[in-house]
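K.L.:
Got a structure for you, questions after.
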Amino acid sequence: MAKKTVTRADLSEAVYQNVGLSRTESAELVDRMFELMSEALEKENIVKLSSFGSFHVRKKNERIGRNPKTGVEVPISPRKVLVFKPSNILKDKINKSMLGR
Amino acid sequence: MIKSELIEKLAAQNPHLLQKDIENIVNTILDEMSNALAEGRRIELRGFGAFSVKNRSARIGRNPRTGEKVSVSEKYIPQFKAGKEIRERLNK
């Protein structure tokens, strides 16, 4: 069941088909949208897209990790991670379609 | 930032397009993504991250308050893994 992976090219093709801009401009707008989302995450740590889901930046404190191969303890530096919380609408849509109910 | 603010920013960068077209663009992109996930397809957006759909088997859960057993049916959940570029941008 090898389904084709969706890429930026597919998203800009959809914009091209639906909105009637040129292919170049459609591709440009797809890039701009994800760039604006990345900038907002850097600046305000949250992007909420109603009916799709929200992206949050979480701060992780320093902790002690362990190299699973050697067992050597190493400090893991504090860092920020990006998490995605799908909306209930998206979850329901996926489950309806995948489980057929 | 919420969706309407994203649309405003995108509109400000593209003054030759109508607000309504920008809304249509953003919704087209998000619809394309949710439709792909609903088909169980993976989405890879270089620099930003990748979405995939994971299966969770049915299991017997417990109500943590009462300890009562409840059956949880099989389900699918969308999963997101942040891309390298955004991880680096958030940590610089």
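Each chain in the structure tokens gets a letter, A, B, ..., in the order shown, and its residues are numbered from 1; ligands are numbered from 1 in order too.
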I'd like a table as CSV: residues in chain B with an atom no more than 8 Å from chain A, each row giving the shortest atom pair and its distance in Å to one decimal, only C-alpha atoms counted, sorted by chain and rising residue number.
P.N.:
residue,atom,partner,partner_atom,distance
B:Met1,CA,A:Val47,CA,4.7
B:Ile2,CA,A:Lys48,CA,4.6
B:Lys3,CA,A:Leu49,CA,4.9
B:Leu6,CA,A:Leu36,CA,7.1
B:Lys9,CA,A:Leu36,CA,7.7
B:Leu10,CA,A:Met33,CA,6.9
B:Asp21,CA,A:Val19,CA,6.9
B:Asn24,CA,A:Val19,CA,7.0
B:Ile25,CA,A:Val15,CA,6.0
B:Val26,CA,A:Met33,CA,7.6
B:Thr28,CA,A:Val15,CA,6.2
B:Ile29,CA,A:Leu11,CA,5.8
B:Leu30,CA,A:Phe52,CA,6.9
B:Glu32,CA,A:Leu11,CA,6.7
B:Met33,CA,A:Leu11,CA,7.8
B:Ser34,CA,A:Leu90,CA,6.6
B:Ala36,CA,A:Val6,CA,7.2
B:Leu37,CA,A:Ile94,CA,6.5
B:Ala38,CA,A:Ile94,CA,4.1
B:Glu39,CA,A:Met98,CA,6.8
B:Gly40,CA,A:Met98,CA,7.0
B:Arg41,CA,A:Lys3,CA,5.9
B:Arg42,CA,A:Thr5,CA,4.9
B:Ile43,CA,A:Val6,CA,4.5
B:Glu44,CA,A:Thr7,CA,5.2
B:Leu45,CA,A:Thr7,CA,5.8
B:Arg46,CA,A:Arg8,CA,7.9
B:Phe48,CA,A:Phe34,CA,7.1
B:Lys75,CA,A:Asn95,CA,6.3
B:Tyr76,CA,A:Asn95,CA,5.7
B:Ile77,CA,A:Lys91,CA,6.4
B:Pro78,CA,A:Pro86,CA,6.9
B:Gln79,CA,A:Phe84,CA,7.5
B:Phe80,CA,A:Phe84,CA,5.9
B:Lys81,CA,A:Val83,CA,7.6
B:Ala82,CA,A:Leu82,CA,6.1
B:Ile86,CA,A:Ser38,CA,6.8
B:Arg87,CA,A:Val81,CA,6.7
B:Arg89,CA,A:Glu42,CA,7.2
B:Leu90,CA,A:Glu42,CA,5.7
B:Asn91,CA,A:Lys80,CA,6.0
K.L.:
Can you list every residue in chain B that DSSP puts in strand (DSSP E or B), as number ranges by chain?
P.N.:
B: 2, 43-45, 49-56, 59-62, 69-72, 75-82
K.L.:
What is the distance between CA of Asn88 (chain A) and CA of Asn35 (chain B), in Å to one decimal?
P.N.:
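If I compute the distance from CA of Asn88 (chain A) to CA of Asn35 (chain B), I get 14.6 Å.
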K.L.:
Report the distance between CA of Glu85 (chain B) and CA of Arg58 (chain A) in Å, rounded to one decimal place.
P.N.:
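That distance, rounded to one decimal, is 16.5 Å.
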K.L.:
Point out the residue among B:Ser4, B:Asn14, B:Ser71, B:Ser52 with the least atom-to-atom distance to Asn27 (chain B), counting only C-alpha atoms.
P.N.:
B:Ser4
K.L.:
In Å, rounded to a single decimal, give me how far CA of Val72 (chain A) is from CA of Lys60 (chain A).
P.N.:
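Separating CA of Lys60 (chain A) from CA of Val72 (chain A) is a distance of 21.1 Å.
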